[in-house]
Every structure is written in structure tokens, then in C-alpha cells.
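Structure below is protein_19.json: JSON, C-alpha atoms and all ligand atoms.
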```json
[["chain", "number", "residue", "atom", "x", "y", "z"],
["A", 228, "MET", "CA", 4.98, -52.98, 73.09],
["A", 229, "SER", "CA", 5.90, -50.09, 75.37],
["A", 230, "ILE", "CA", 2.71, -48.15, 74.80],
["A", 231, "SER", "CA", -0.46, -49.39, 73.23],
["A", 232, "VAL", "CA", -3.47, -47.12, 72.88],
["A", 233, "SER", "CA", -6.80, -48.51, 71.76],
["A", 234, "HIS", "CA", -9.77, -46.35, 70.73],
["A", 235, "ILE", "CA", -9.32, -43.68, 73.38],
["A", 236, "SER", "CA", -11.82, -40.82, 73.51],
["A", 237, "LYS", "CA", -12.02, -37.98, 75.99],
["A", 238, "THR", "CA", -14.71, -35.33, 76.41],
["A", 239, "TYR", "CA", -14.45, -32.28, 78.67],
["A", 240, "HIS", "CA", -17.99, -31.27, 79.60],
["A", 241, "GLN", "CA", -19.70, -31.49, 76.20],
["A", 242, "GLU", "CA", -16.57, -30.88, 74.15],
["A", 243, "LYS", "CA", -14.59, -33.67, 72.51],
["A", 244, "ALA", "CA", -10.84, -33.33, 73.08],
["A", 245, "ILE", "CA", -9.76, -36.79, 71.82],
["A", 246, "SER", "CA", -11.73, -38.91, 69.34],
["A", 247, "ASP", "CA", -11.07, -42.60, 68.97],
["A", 248, "ILE", "CA", -7.27, -42.55, 68.91],
["A", 249, "SER", "CA", -5.25, -45.77, 68.58],
["A", 250, "PHE", "CA", -1.50, -46.34, 68.16],
["A", 251, "THR", "CA", 1.31, -48.51, 69.47],
["A", 252, "ILE", "CA", 4.89, -47.64, 70.33],
["A", 253, "LYS", "CA", 7.67, -50.21, 70.41],
["A", 254, "GLU", "CA", 10.37, -50.33, 73.04],
["A", 255, "GLY", "CA", 13.20, -47.90, 72.34],
["A", 256, "GLU", "CA", 11.39, -45.66, 69.88],
["A", 257, "ILE", "CA", 11.46, -41.87, 70.11],
["A", 258, "VAL", "CA", 8.08, -40.73, 68.88],
["A", 259, "GLY", "CA", 6.97, -37.16, 68.27],
["A", 260, "PHE", "CA", 3.38, -36.37, 69.11],
["A", 261, "LEU", "CA", 2.79, -33.43, 66.81],
["A", 262, "GLY", "CA", -0.21, -31.15, 66.46],
["A", 263, "PRO", "CA", -1.30, -27.52, 66.66],
["A", 264, "ASN", "CA", -2.31, -25.98, 69.99],
["A", 265, "GLY", "CA", -5.54, -27.48, 71.25],
["A", 266, "ALA", "CA", -5.12, -30.69, 69.22],
["A", 267, "GLY", "CA", -5.35, -32.89, 72.31],
["A", 268, "LYS", "CA", -1.70, -33.74, 72.95],
["A", 269, "SER", "CA", -1.64, -32.88, 76.66],
["A", 270, "THR", "CA", -4.97, -34.60, 77.20],
["A", 271, "MET", "CA", -3.61, -37.83, 75.70],
["A", 272, "MET", "CA", -0.46, -37.60, 77.80],
["A", 273, "LYS", "CA", -2.46, -37.07, 80.99],
["A", 274, "ILE", "CA", -4.51, -40.16, 80.14],
["A", 275, "LEU", "CA", -1.37, -42.27, 79.49],
["A", 276, "THR", "CA", 0.16, -41.18, 82.78],
["A", 277, "THR", "CA", -3.15, -41.92, 84.58],
["A", 278, "TYR", "CA", -3.76, -38.33, 85.72],
["A", 279, "LEU", "CA", -7.00, -38.24, 83.72],
["A", 280, "PRO", "CA", -9.40, -41.10, 82.94],
["A", 281, "PRO", "CA", -10.58, -41.59, 79.34],
["A", 282, "ASN", "CA", -14.32, -41.69, 78.55],
["A", 283, "GLN", "CA", -13.81, -44.58, 76.18],
["A", 284, "GLY", "CA", -11.07, -46.96, 75.14],
["A", 285, "SER", "CA", -8.09, -48.46, 76.91],
["A", 286, "ALA", "CA", -4.32, -48.23, 76.99],
["A", 287, "MET", "CA", -1.39, -50.28, 78.22],
["A", 288, "VAL", "CA", 1.94, -48.81, 79.28],
["A", 289, "ASN", "CA", 4.77, -51.28, 79.91],
["A", 290, "THR", "CA", 2.18, -54.09, 79.97],
["A", 291, "PHE", "CA", 0.18, -52.31, 82.69],
["A", 292, "ASP", "CA", -3.40, -51.22, 82.14],
["A", 293, "ILE", "CA", -3.89, -47.49, 82.79],
["A", 294, "ILE", "CA", -7.30, -48.09, 84.38],
["A", 295, "LYS", "CA", -6.66, -51.33, 86.29],
["A", 296, "ASN", "CA", -3.04, -50.75, 87.38],
["A", 297, "PRO", "CA", -2.49, -46.98, 87.57],
["A", 298, "LEU", "CA", 0.21, -47.31, 90.23],
["A", 299, "ASP", "CA", 2.27, -49.74, 88.17],
["A", 300, "VAL", "CA", 1.91, -47.40, 85.21],
["A", 301, "LYS", "CA", 3.14, -44.44, 87.27],
["A", 302, "ARG", "CA", 6.09, -46.52, 88.50],
["A", 303, "SER", "CA", 7.26, -47.30, 85.00],
["A", 304, "VAL", "CA", 6.70, -43.88, 83.43],
["A", 305, "GLY", "CA", 8.67, -40.67, 83.78],
["A", 306, "TYR", "CA", 6.36, -37.73, 83.10],
["A", 307, "LEU", "CA", 7.32, -34.15, 82.39],
["A", 308, "PRO", "CA", 4.04, -32.19, 82.46],
["A", 309, "GLU", "CA", 3.47, -29.20, 80.19],
["A", 310, "HIS", "CA", 3.59, -26.61, 82.97],
["A", 311, "ASN", "CA", 5.95, -28.46, 85.23],
["A", 312, "PRO", "CA", 5.31, -27.31, 88.78],
["A", 313, "LEU", "CA", 8.71, -26.91, 90.42],
["A", 314, "TYR", "CA", 9.08, -25.76, 94.02],
["A", 315, "GLU", "CA", 11.07, -22.72, 93.09],
["A", 316, "GLU", "CA", 12.24, -21.90, 96.60],
["A", 317, "LEU", "CA", 14.04, -25.23, 96.94],
["A", 318, "TYR", "CA", 17.61, -25.93, 95.92],
["A", 319, "VAL", "CA", 18.03, -28.34, 93.00],
["A", 320, "ARG", "CA", 19.51, -31.18, 95.04],
["A", 321, "GLU", "CA", 17.01, -30.55, 97.83],
["A", 322, "TYR", "CA", 14.10, -30.68, 95.38],
["A", 323, "LEU", "CA", 15.33, -33.95, 93.93],
["A", 324, "SER", "CA", 15.88, -35.52, 97.36],
["A", 325, "PHE", "CA", 12.40, -34.39, 98.41],
["A", 326, "ASN", "CA", 10.96, -36.21, 95.40],
["A", 327, "ALA", "CA", 13.18, -39.23, 95.97],
["A", 328, "LYS", "CA", 11.90, -39.50, 99.56],
["A", 329, "VAL", "CA", 8.26, -39.17, 98.54],
["A", 330, "TYR", "CA", 8.68, -42.01, 96.06],
["A", 331, "ASN", "CA", 10.99, -44.13, 98.21],
["A", 332, "ILE", "CA", 13.93, -43.94, 95.84],
["A", 333, "PRO", "CA", 17.44, -44.66, 97.19],
["A", 334, "ALA", "CA", 19.45, -41.46, 97.74],
["A", 335, "ASN", "CA", 22.37, -42.50, 95.52],
["A", 336, "ARG", "CA", 20.06, -42.14, 92.54],
["A", 337, "ILE", "CA", 19.97, -38.35, 93.08],
["A", 338, "GLU", "CA", 23.60, -37.82, 92.07],
["A", 339, "GLU", "CA", 23.13, -40.14, 89.11],
["A", 340, "VAL", "CA", 20.30, -38.08, 87.64],
["A", 341, "ILE", "CA", 22.14, -34.83, 88.40],
["A", 342, "THR", "CA", 25.08, -36.06, 86.32],
["A", 343, "LYS", "CA", 22.87, -37.49, 83.58],
["A", 344, "THR", "CA", 20.99, -34.23, 83.06],
["A", 345, "GLY", "CA", 24.07, -32.00, 83.25],
["A", 346, "LEU", "CA", 23.07, -30.31, 86.51],
["A", 347, "THR", "CA", 26.32, -30.83, 88.42],
["A", 348, "ASN", "CA", 27.17, -27.12, 88.54],
["A", 349, "GLU", "CA", 23.60, -26.12, 89.35],
["A", 350, "ALA", "CA", 22.84, -28.70, 92.03],
["A", 351, "SER", "CA", 23.43, -26.25, 94.89],
["A", 352, "LYS", "CA", 21.47, -23.38, 93.34],
["A", 353, "LYS", "CA", 17.91, -22.39, 94.03],
["A", 354, "ILE", "CA", 15.47, -23.41, 91.30],
["A", 355, "THR", "CA", 14.33, -19.75, 90.91],
["A", 356, "GLN", "CA", 17.89, -18.78, 90.00],
["A", 357, "LEU", "CA", 18.03, -21.15, 87.04],
["A", 358, "SER", "CA", 17.26, -20.32, 83.43],
["A", 359, "LYS", "CA", 14.21, -21.94, 81.84],
["A", 360, "GLY", "CA", 16.48, -24.46, 80.11],
["A", 361, "TYR", "CA", 18.03, -25.57, 83.38],
["A", 362, "GLN", "CA", 14.64, -25.66, 85.11],
["A", 363, "GLN", "CA", 13.56, -27.99, 82.35],
["A", 364, "ARG", "CA", 16.58, -30.19, 83.13],
["A", 365, "VAL", "CA", 15.45, -30.32, 86.75],
["A", 366, "GLY", "CA", 12.03, -31.48, 85.54],
["A", 367, "LEU", "CA", 13.71, -34.15, 83.42],
["A", 368, "ALA", "CA", 15.95, -35.20, 86.32],
["A", 369, "CYS", "CA", 12.86, -35.61, 88.46],
["A", 370, "ALA", "CA", 11.10, -37.66, 85.78],
["A", 371, "LEU", "CA", 14.18, -39.92, 85.62],
["A", 372, "LEU", "CA", 14.57, -40.53, 89.36],
["A", 373, "HIS", "CA", 12.82, -43.89, 89.42],
["A", 374, "ASP", "CA", 14.63, -44.98, 86.24],
["A", 375, "PRO", "CA", 11.43, -45.46, 84.21],
["A", 376, "LYS", "CA", 11.42, -47.41, 80.96],
["A", 377, "VAL", "CA", 9.10, -44.92, 79.31],
["A", 378, "LEU", "CA", 9.40, -41.12, 79.20],
["A", 379, "ILE", "CA", 6.37, -38.98, 78.42],
["A", 380, "LEU", "CA", 7.45, -35.38, 77.84],
["A", 381, "ASP", "CA", 4.85, -32.68, 77.20],
["A", 382, "GLU", "CA", 6.35, -29.88, 75.09],
["A", 383, "PRO", "CA", 9.80, -30.24, 76.68],
["A", 384, "THR", "CA", 11.35, -27.49, 74.55],
["A", 385, "THR", "CA", 8.66, -24.80, 74.63],
["A", 386, "GLY", "CA", 9.94, -21.45, 75.86],
["A", 387, "LEU", "CA", 13.63, -22.24, 75.52],
["A", 388, "ASP", "CA", 16.10, -20.00, 73.72],
["A", 389, "PRO", "CA", 17.96, -21.42, 70.69],
["A", 390, "ASN", "CA", 21.01, -22.59, 72.68],
["A", 391, "GLN", "CA", 18.93, -24.23, 75.37],
["A", 392, "LEU", "CA", 16.83, -25.83, 72.64],
["A", 393, "VAL", "CA", 19.84, -27.53, 71.09],
["A", 394, "GLU", "CA", 21.05, -28.73, 74.50],
["A", 395, "ILE", "CA", 17.71, -30.15, 75.64],
["A", 396, "ARG", "CA", 17.18, -31.82, 72.27],
["A", 397, "SER", "CA", 20.49, -33.62, 72.47],
["A", 398, "LEU", "CA", 19.82, -34.58, 76.09],
["A", 399, "ILE", "CA", 16.47, -36.10, 75.11],
["A", 400, "LYS", "CA", 18.07, -37.90, 72.18],
["A", 401, "ALA", "CA", 20.70, -39.33, 74.52],
["A", 402, "LEU", "CA", 18.06, -40.45, 77.01],
["A", 403, "GLY", "CA", 16.16, -42.06, 74.13],
["A", 404, "LYS", "CA", 19.06, -44.46, 73.53],
["A", 405, "ASN", "CA", 17.81, -46.72, 76.29],
["A", 406, "LYS", "CA", 14.26, -45.57, 76.91],
["A", 407, "THR", "CA", 11.03, -45.31, 74.99],
["A", 408, "VAL", "CA", 10.16, -41.63, 74.55],
["A", 409, "LEU", "CA", 6.88, -40.00, 73.59],
["A", 410, "LEU", "CA", 7.25, -36.24, 73.34],
["A", 411, "SER", "CA", 4.73, -33.65, 72.26],
["A", 412, "THR", "CA", 5.38, -30.52, 70.27],
["A", 413, "HIS", "CA", 3.55, -28.13, 67.97],
["A", 414, "ILE", "CA", 6.74, -27.51, 65.98],
["A", 415, "MET", "CA", 7.48, -29.81, 63.10],
["A", 416, "GLN", "CA", 11.24, -29.19, 63.08],
["A", 417, "GLU", "CA", 11.41, -30.53, 66.63],
["A", 418, "VAL", "CA", 10.28, -33.92, 65.39],
["A", 419, "GLU", "CA", 12.89, -33.92, 62.65],
["A", 420, "ALA", "CA", 15.58, -33.07, 65.18],
["A", 421, "MET", "CA", 14.73, -35.74, 67.73],
["A", 422, "CYS", "CA", 12.36, -38.46, 66.59],
["A", 423, "ASP", "CA", 12.26, -41.73, 64.64],
["A", 424, "ARG", "CA", 8.59, -41.46, 64.06],
["A", 425, "VAL", "CA", 5.78, -38.91, 64.08],
["A", 426, "ILE", "CA", 2.16, -39.22, 65.14],
["A", 427, "ILE", "CA", 0.20, -36.18, 64.00],
["A", 428, "ILE", "CA", -3.06, -35.24, 65.69],
["A", 429, "ASN", "CA", -5.46, -32.49, 64.76],
["A", 430, "LYS", "CA", -8.70, -31.54, 66.52],
["A", 431, "GLY", "CA", -8.51, -34.67, 68.64],
["A", 432, "GLU", "CA", -8.10, -37.05, 65.73],
["A", 433, "LEU", "CA", -5.06, -39.02, 64.63],
["A", 434, "VAL", "CA", -4.29, -37.91, 61.08],
["A", 435, "ALA", "CA", -0.89, -39.50, 60.41],
["A", 436, "ASP", "CA", 1.49, -42.04, 61.89],
["A", 437, "ARG", "CA", 4.74, -42.38, 59.95],
["A", 438, "TYR", "CA", 8.40, -43.25, 60.32],
["A", 439, "LEU", "CA", 10.54, -40.29, 59.34],
["A", 440, "LYS", "CA", 12.72, -42.44, 57.14],
["A", 441, "ASP", "CA", 9.64, -43.22, 55.03],
["A", 442, "LEU", "CA", 8.87, -39.54, 54.67],
["A", 443, "ILE", "CA", 12.16, -38.66, 53.06],
["A", 444, "ASP", "CA", 11.60, -38.45, 49.34],
["A", 445, "THR", "CA", 14.28, -40.63, 47.83],
["A", 446, "LYS", "CA", 14.49, -38.75, 44.57],
["A", 447, "GLU", "CA", 14.44, -35.13, 45.70],
["A", 448, "GLN", "CA", 16.19, -33.20, 48.40],
["A", 449, "ILE", "CA", 16.11, -29.57, 49.40],
["A", 450, "ILE", "CA", 19.03, -27.75, 50.92],
["A", 451, "GLU", "CA", 18.64, -24.29, 52.31],
["A", 452, "VAL", "CA", 21.83, -22.30, 52.32],
["A", 453, "GLU", "CA", 22.68, -18.77, 53.40],
["A", 454, "PHE", "CA", 25.68, -17.00, 51.92],
["A", 455, "ASP", "CA", 27.25, -13.78, 53.16],
["A", 456, "TYR", "CA", 26.60, -12.11, 49.81],
["A", 457, "ARG", "CA", 24.30, -12.26, 46.78],
["A", 458, "VAL", "CA", 24.97, -15.20, 44.43],
["A", 459, "GLU", "CA", 23.46, -15.58, 40.96],
["A", 460, "GLU", "CA", 20.92, -18.41, 40.74],
["A", 461, "ALA", "CA", 22.43, -19.49, 37.41],
["A", 462, "PHE", "CA", 25.81, -19.80, 39.11],
["A", 463, "LEU", "CA", 24.42, -22.14, 41.80],
["A", 464, "LYS", "CA", 22.90, -24.28, 39.08],
["A", 465, "ARG", "CA", 26.47, -25.39, 38.24],
["A", 466, "ILE", "CA", 26.42, -27.64, 41.30],
["A", 467, "PRO", "CA", 25.74, -31.20, 40.07],
["A", 468, "HIS", "CA", 22.16, -32.53, 40.26],
["A", 469, "VAL", "CA", 20.53, -29.11, 40.80],
["A", 470, "MET", "CA", 16.93, -28.94, 39.58],
["A", 471, "ARG", "CA", 15.86, -25.56, 40.95],
["A", 472, "VAL", "CA", 17.27, -22.59, 42.80],
["A", 473, "ILE", "CA", 15.02, -20.14, 44.61],
["A", 474, "ASN", "CA", 16.30, -16.97, 46.27],
["A", 475, "LYS", "CA", 14.05, -17.04, 49.34],
["A", 476, "HIS", "CA", 15.07, -13.78, 50.93],
["A", 477, "ASN", "CA", 18.25, -11.74, 51.30],
["A", 478, "PHE", "CA", 21.11, -14.18, 50.70],
["A", 479, "VAL", "CA", 19.15, -17.33, 51.53],
["A", 480, "TYR", "CA", 18.70, -19.85, 48.71],
["A", 481, "GLU", "CA", 16.61, -22.99, 48.49],
["A", 482, "ILE", "CA", 18.31, -25.50, 46.21],
["A", 483, "THR", "CA", 16.44, -28.60, 45.04],
["A", 484, "PHE", "CA", 18.49, -31.61, 43.86],
["A", 485, "ASP", "CA", 17.30, -34.66, 41.94],
["A", 486, "THR", "CA", 19.32, -37.17, 43.92],
["A", 487, "SER", "CA", 19.11, -39.02, 47.22],
["A", 488, "ILE", "CA", 22.87, -38.68, 47.82],
["A", 489, "ASP", "CA", 23.46, -36.15, 50.60],
["A", 490, "MET", "CA", 24.50, -33.02, 48.69],
["A", 491, "ARG", "CA", 25.56, -30.94, 51.69],
["A", 492, "PRO", "CA", 29.28, -31.76, 51.29],
["A", 493, "LYS", "CA", 29.05, -30.86, 47.57],
["A", 494, "VAL", "CA", 27.51, -27.49, 48.41],
["A", 495, "PHE", "CA", 30.32, -26.85, 50.88],
["A", 496, "ASP", "CA", 32.97, -27.79, 48.34],
["A", 497, "PHE", "CA", 31.33, -25.63, 45.69],
["A", 498, "ALA", "CA", 31.25, -22.65, 48.03],
["A", 499, "HIS", "CA", 34.86, -23.17, 49.03],
["A", 500, "ASP", "CA", 36.09, -23.56, 45.44],
["A", 501, "ASN", "CA", 34.31, -20.35, 44.44],
["A", 502, "LYS", "CA", 35.30, -18.36, 47.53],
["A", 503, "LEU", "CA", 31.72, -18.06, 48.79],
["A", 504, "LYS", "CA", 31.12, -17.99, 52.51],
["A", 505, "ILE", "CA", 28.32, -20.16, 53.93],
["A", 506, "LEU", "CA", 26.62, -18.73, 57.02],
["A", 507, "GLN", "CA", 24.02, -21.49, 57.38],
["A", 508, "LEU", "CA", 23.15, -24.73, 55.68],
["A", 509, "SER", "CA", 20.38, -27.23, 56.36],
["A", 510, "ARG", "CA", 18.71, -30.13, 54.66],
["A", 511, "LYS", "CA", 14.93, -29.94, 54.69],
["A", 512, "ASN", "CA", 12.38, -32.69, 54.63],
["A", 513, "LYS", "CA", 9.93, -31.48, 52.03],
["A", 514, "ASN", "CA", 7.43, -34.26, 52.55],
["A", 515, "MET", "CA", 7.25, -33.81, 56.28],
["A", 516, "GLU", "CA", 6.55, -30.11, 55.91],
["A", 517, "SER", "CA", 3.83, -30.48, 53.30],
["A", 518, "LEU", "CA", 2.28, -33.39, 55.19],
["A", 519, "PHE", "CA", 2.01, -31.39, 58.39],
["A", 520, "ARG", "CA", 0.56, -28.34, 56.62],
["A", 521, "GLU", "CA", -1.90, -30.40, 54.61],
["A", 522, "LEU", "CA", -3.13, -32.36, 57.60],
["A", 523, "THR", "CA", -3.43, -29.58, 60.12],
["A", 524, "GLN", "CA", -4.72, -26.61, 58.13],
["A", 601, "LIG", "P1", -2.77, -29.54, 73.24],
["A", 601, "LIG", "O1", -1.96, -30.07, 74.37],
["A", 601, "LIG", "O2", -2.59, -30.31, 71.97],
["A", 601, "LIG", "O3", -2.58, -28.08, 73.03],
["A", 601, "LIG", "P2", -5.02, -30.07, 75.02],
["A", 601, "LIG", "O4", -5.04, -31.53, 75.24],
["A", 601, "LIG", "O5", -4.48, -29.24, 76.09],
["A", 601, "LIG", "O6", -4.33, -29.76, 73.61],
["A", 601, "LIG", "O7", -6.51, -29.58, 74.73],
["A", 601, "LIG", "C1", -7.38, -30.24, 73.81],
["A", 601, "LIG", "C2", -8.75, -29.56, 73.85],
["A", 601, "LIG", "O8", -9.37, -29.79, 75.12],
["A", 601, "LIG", "C3", -8.70, -28.05, 73.69],
["A", 601, "LIG", "O9", -9.82, -27.65, 72.94],
["A", 601, "LIG", "C4", -8.78, -27.53, 75.11],
["A", 601, "LIG", "O10", -9.38, -26.26, 75.15],
["A", 601, "LIG", "C5", -9.65, -28.58, 75.79],
["A", 601, "LIG", "N1", -9.31, -28.75, 77.23],
["A", 601, "LIG", "C6", -8.12, -29.11, 77.72],
["A", 601, "LIG", "N2", -8.13, -29.22, 79.06],
["A", 601, "LIG", "C7", -9.40, -28.90, 79.43],
["A", 601, "LIG", "C8", -10.09, -28.82, 80.69],
["A", 601, "LIG", "N3", -9.45, -29.10, 81.83],
["A", 601, "LIG", "N4", -11.39, -28.46, 80.68],
["A", 601, "LIG", "C9", -12.02, -28.19, 79.51],
["A", 601, "LIG", "N5", -11.46, -28.25, 78.31],
["A", 601, "LIG", "C10", -10.16, -28.60, 78.26],
["A", 602, "MG", "MG", -0.55, -29.14, 75.48]]
```
Render the structure in this file as C-alpha cells.
Ligand code: ADP
Ligand code: MG
Amino acid sequence: MSISVSHISKTYHQEKAISDISFTIKEGEIVGFLGPNGAGKSTMMKILTTYLPPNQGSAMVNTFDIIKNPLDVKRSVGYLPEHNPLYEELYVREYLSFNAKVYNIPANRIEEVITKTGLTNEASKKITQLSKGYQQRVGLACALLHDPKVLILDEPTTGLDPNQLVEIRSLIKALGKNKTVLLSTHIMQEVEAMCDRVIIINKGELVADRYLKDLIDTKEQIIEVEFDYRVEEAFLKRIPHVMRVINKHNFVYEITFDTSIDMRPKVFDFAHDNKLKILQLSRKNKNMESLFRELTQ
């Protein structure tokens, strides 16, 4: 087990932030820690990275006990805090070498993380000059310096524009190929884009822990498609396996199919054969959406 949490509770003053949470994460998994604002995600992450002690319960990270061996835990975890404090006046490479020195990390590692996080062209710039997306990469580079086995990322994509979002997501996915990743988010689609598994918390309690592959309904699938012009619902029903067509708004249609076969290529072919132009197309996980709404409302 990479992470194993057992009956953790945390109270701030009189107020309970985490109530009796337990879960385990296997090596190599990318797990989304999902919940609305105030659910307790950051609190749990601070506990797992030993920046905050729990009131009750215990946890192991990479076989180290968070209470008995906090230093060993810190050594094996890369942590990107929610409001990552960067020294904005420093240059990127300078900031990374400063951190490498503090933690006694060999200097050659600096160039490795710069390459890994796509910062080669930014390495000589001041952190203040970078966009939020690139500042986030610097935070990730810093978390990777000591080559930790486990990455704990607190809302790594919050505040990024759509392009940056796509880039950071694919960077995290790539990092997840040889590391265990626990990342928090309050946005369900983030989990679908990056994770193998989702742990949902609400008001400090764990309300769901599922593999995404188990959440995909095998008999129904929903595809949302946007055309450049109005299309009759009845016309779209000619695509094989269509159960329902809903015109959501403007030229956006939600098409429900009664098959588990990926229908996206069929929708493309249908559009092409009928000279319709597709502006956007995405497959939605109906169960994931309803689960999240049900559990957190
Ligand atoms: P999330 O990261 O899911 O948004 P947090 O872990 O930050 O949630 O917060 C969980 C709850 O604990 C919230 O009700 C929040 O107001 C409270 N809380 C968080 N940090 C503190 C603190 N330092 N002092 C008092 N209450 C806090
Ligand atoms: Mg938070």
C-alpha cells in the first residue's frame, strides 16, 4: 500500500473538519479526492503530509507512520499545497536550486525536473513573470525534486485557463505513470480526465470510494455533441442504437445510446455522411455525475 488511512478525525477548535475517514491507495494509482469547498480535502492532505496532526486515527505513507516517522513521510512524498507559496522574486532555476540545497538534493536533479515539467524555456525567467499555469509547473517541479514515490496535489488545476488546464492534466497523468498520485478537486470532470479512482468526501465524511471503470454504465452511454447548425432530433435518431435525443441549448444535443460500444466514431461518420459539421463532441459518464450530485447536495 502506498497510502493507508485509518479512522482519521480532525477538529479545528470545536468544529469537526474530518470525521472517521479510512481508505487505502495502492502503488501506481491516480486517485481523485473529490468534494465541494469546505469538505475537508486540504485538511486531509495536510495530515497525510504531516503538516497537521490528526485528533484521532493513524495513517501510513510509503510504509512510514505519519505520527512516528514524519521525516521519512516527508522524504517520500511530493506535496503541492493549495496556495503554493512561491518566492516570486526568484528565477525559476534559482528557486529550484534553493529548494534542492535546503533538502540536500544533488544539483543535476534540477535540470531533470525542469525538463520533466516542460519548464526549459522558462527556467531563466522570474517566477512573477510566469502565467498561473507555468507557476503551477514550478510548484510541481519543486514537489518532484526529491523523486518521491507519492504525489499529493491539492487542487492542482484551480485557477488555470482552459489551455493550461489541458496541459497540466496531461502532465499529471504522465507523472502518474510511475508514481502514486492523490489529487484533490471540487470539479467532477477533473476526476474523469485524470483518475483511475474517486474518493468523494462531503462535510468531512467519506461518502464514496469507487473505480471509474465500475461507474461506467455498461448498457447506456451519453454523447454530447455540438453542431454548427440546428439539426432535427428525429434526424439524429437515425444513428444506430439511439434511445433519446435532447436539444440542450442552441445547437448542443445530448444523445443517449443503448450500447456499451463507443459510439463517438459513429456520430462522426453520421455527421460526415450528412454534411453536418461537429464543433464539439464528448462522452459523458452519467453515473459519475449523478453520484456526485446525490452525495454532495
Ligand atoms: P476543502 O479543502 O475541502 O475545501 P478544508 O480542509 O480546507 O476543505 O476545510 C474543511 C473545514 O475545516 C472547513 O469548514 C473549514 O472552514 C475548516 N478549516 C480549515 N482550516 C481551518 C483552520 N485553520 N482553522 C479553523 N477551521 C479550519
Ligand atoms: Mg482545499
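The smallest atom-to-atom distance between Leu261 in chain A and any of A:Cys422, A:Met415, A:Leu439, A:Leu518, using all atoms listed in the file, is found for A:Met415.
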Between A:Lys353, A:Lys343, A:Arg396, A:Lys268, which has the minimum distance to ligand MG 602 (chain A) (counting only C-alpha atoms and all ligand atoms)?
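Using only C-alpha atoms and all ligand atoms, the shortest distance to ligand MG 602 (chain A) belongs to A:Lys268.
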In Å, how far is it from CA of Thr412 in chain A to CA of Ala327 in chain A?
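Interatomic distance, CA of Thr412 in chain A to CA of Ala327 in chain A: 28.2 Å.
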Proximity check range 235-354 of chain A to range 358-382 of chain A, 8 Å, nearest pairs one decimal Å, all atoms listed in the file, as CSV:
```
residue,atom,partner,partner_atom,distance
A:Lys268,CA,A:Asp381,CA,7.9
A:Ser269,CA,A:Asp381,CA,6.5
A:Met272,CA,A:Ile379,CA,7.0
A:Thr276,CA,A:Ile379,CA,7.9
A:Asn289,CA,A:Val377,CA,7.7
A:Arg302,CA,A:Pro375,CA,6.9
A:Ser303,CA,A:Pro375,CA,4.6
A:Val304,CA,A:Val377,CA,4.9
A:Gly305,CA,A:Ala370,CA,4.4
A:Tyr306,CA,A:Ile379,CA,4.8
A:Leu307,CA,A:Leu380,CA,4.7
A:Pro308,CA,A:Asp381,CA,5.3
A:Glu309,CA,A:Asp381,CA,4.8
A:Asn311,CA,A:Gly366,CA,6.8
A:Leu313,CA,A:Gly366,CA,7.5
A:Val319,CA,A:Val365,CA,7.0
A:Leu323,CA,A:Cys369,CA,6.2
A:Asn326,CA,A:Cys369,CA,7.2
A:Ala327,CA,A:Leu372,CA,6.9
A:Ile332,CA,A:His373,CA,6.5
A:Arg336,CA,A:Leu372,CA,6.5
A:Ile337,CA,A:Leu372,CA,6.9
A:Val340,CA,A:Ala368,CA,5.4
A:Ile341,CA,A:Ala368,CA,6.5
A:Lys343,CA,A:Ala368,CA,7.8
A:Thr344,CA,A:Arg364,CA,6.0
A:Gly345,CA,A:Arg364,CA,7.7
A:Leu346,CA,A:Arg364,CA,7.3
A:Ile354,CA,A:Gln362,CA,6.6
```
Limited to C-alpha atoms, could you put the picked residues into a file as a PDB file, in the frame of the given file?
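Final output, saved to result32.pdb:
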```pdb
ATOM      1  CA  LYS A 268      -1.700 -33.740  72.950  1.00  0.00           C
ATOM      2  CA  SER A 269      -1.640 -32.880  76.660  1.00  0.00           C
ATOM      3  CA  MET A 272      -0.460 -37.600  77.800  1.00  0.00           C
ATOM      4  CA  THR A 276       0.160 -41.180  82.780  1.00  0.00           C
ATOM      5  CA  ASN A 289       4.770 -51.280  79.910  1.00  0.00           C
ATOM      6  CA  ARG A 302       6.090 -46.520  88.500  1.00  0.00           C
ATOM      7  CA  SER A 303       7.260 -47.300  85.000  1.00  0.00           C
ATOM      8  CA  VAL A 304       6.700 -43.880  83.430  1.00  0.00           C
ATOM      9  CA  GLY A 305       8.670 -40.670  83.780  1.00  0.00           C
ATOM     10  CA  TYR A 306       6.360 -37.730  83.100  1.00  0.00           C
ATOM     11  CA  LEU A 307       7.320 -34.150  82.390  1.00  0.00           C
ATOM     12  CA  PRO A 308       4.040 -32.190  82.460  1.00  0.00           C
ATOM     13  CA  GLU A 309       3.470 -29.200  80.190  1.00  0.00           C
ATOM     14  CA  ASN A 311       5.950 -28.460  85.230  1.00  0.00           C
ATOM     15  CA  LEU A 313       8.710 -26.910  90.420  1.00  0.00           C
ATOM     16  CA  VAL A 319      18.030 -28.340  93.000  1.00  0.00           C
ATOM     17  CA  LEU A 323      15.330 -33.950  93.930  1.00  0.00           C
ATOM     18  CA  ASN A 326      10.960 -36.210  95.400  1.00  0.00           C
ATOM     19  CA  ALA A 327      13.180 -39.230  95.970  1.00  0.00           C
ATOM     20  CA  ILE A 332      13.930 -43.940  95.840  1.00  0.00           C
ATOM     21  CA  ARG A 336      20.060 -42.140  92.540  1.00  0.00           C
ATOM     22  CA  ILE A 337      19.970 -38.350  93.080  1.00  0.00           C
ATOM     23  CA  VAL A 340      20.300 -38.080  87.640  1.00  0.00           C
ATOM     24  CA  ILE A 341      22.140 -34.830  88.400  1.00  0.00           C
ATOM     25  CA  LYS A 343      22.870 -37.490  83.580  1.00  0.00           C
ATOM     26  CA  THR A 344      20.990 -34.230  83.060  1.00  0.00           C
ATOM     27  CA  GLY A 345      24.070 -32.000  83.250  1.00  0.00           C
ATOM     28  CA  LEU A 346      23.070 -30.310  86.510  1.00  0.00           C
ATOM     29  CA  ILE A 354      15.470 -23.410  91.300  1.00  0.00           C
TER      30      ILE A 354
END
```
Residues near Ile426 in chain A, anyone? I mean within 6 Å using only C-alpha atoms, not counting same-chain ones fewer than 5 positions away, as an mmCIF file with C-alpha atoms, in the coordinates of the input.
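Listed below is the output, result27.cif:
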```
data_model
loop_
_atom_site.group_PDB
_atom_site.id
_atom_site.type_symbol
_atom_site.label_atom_id
_atom_site.label_comp_id
_atom_site.auth_asym_id
_atom_site.auth_seq_id
_atom_site.Cartn_x
_atom_site.Cartn_y
_atom_site.Cartn_z
ATOM 1 C CA PHE A 260 3.380 -36.370 69.110
ATOM 2 C CA ALA A 435 -0.890 -39.500 60.410
ATOM 3 C CA ASP A 436 1.490 -42.040 61.890
#
```
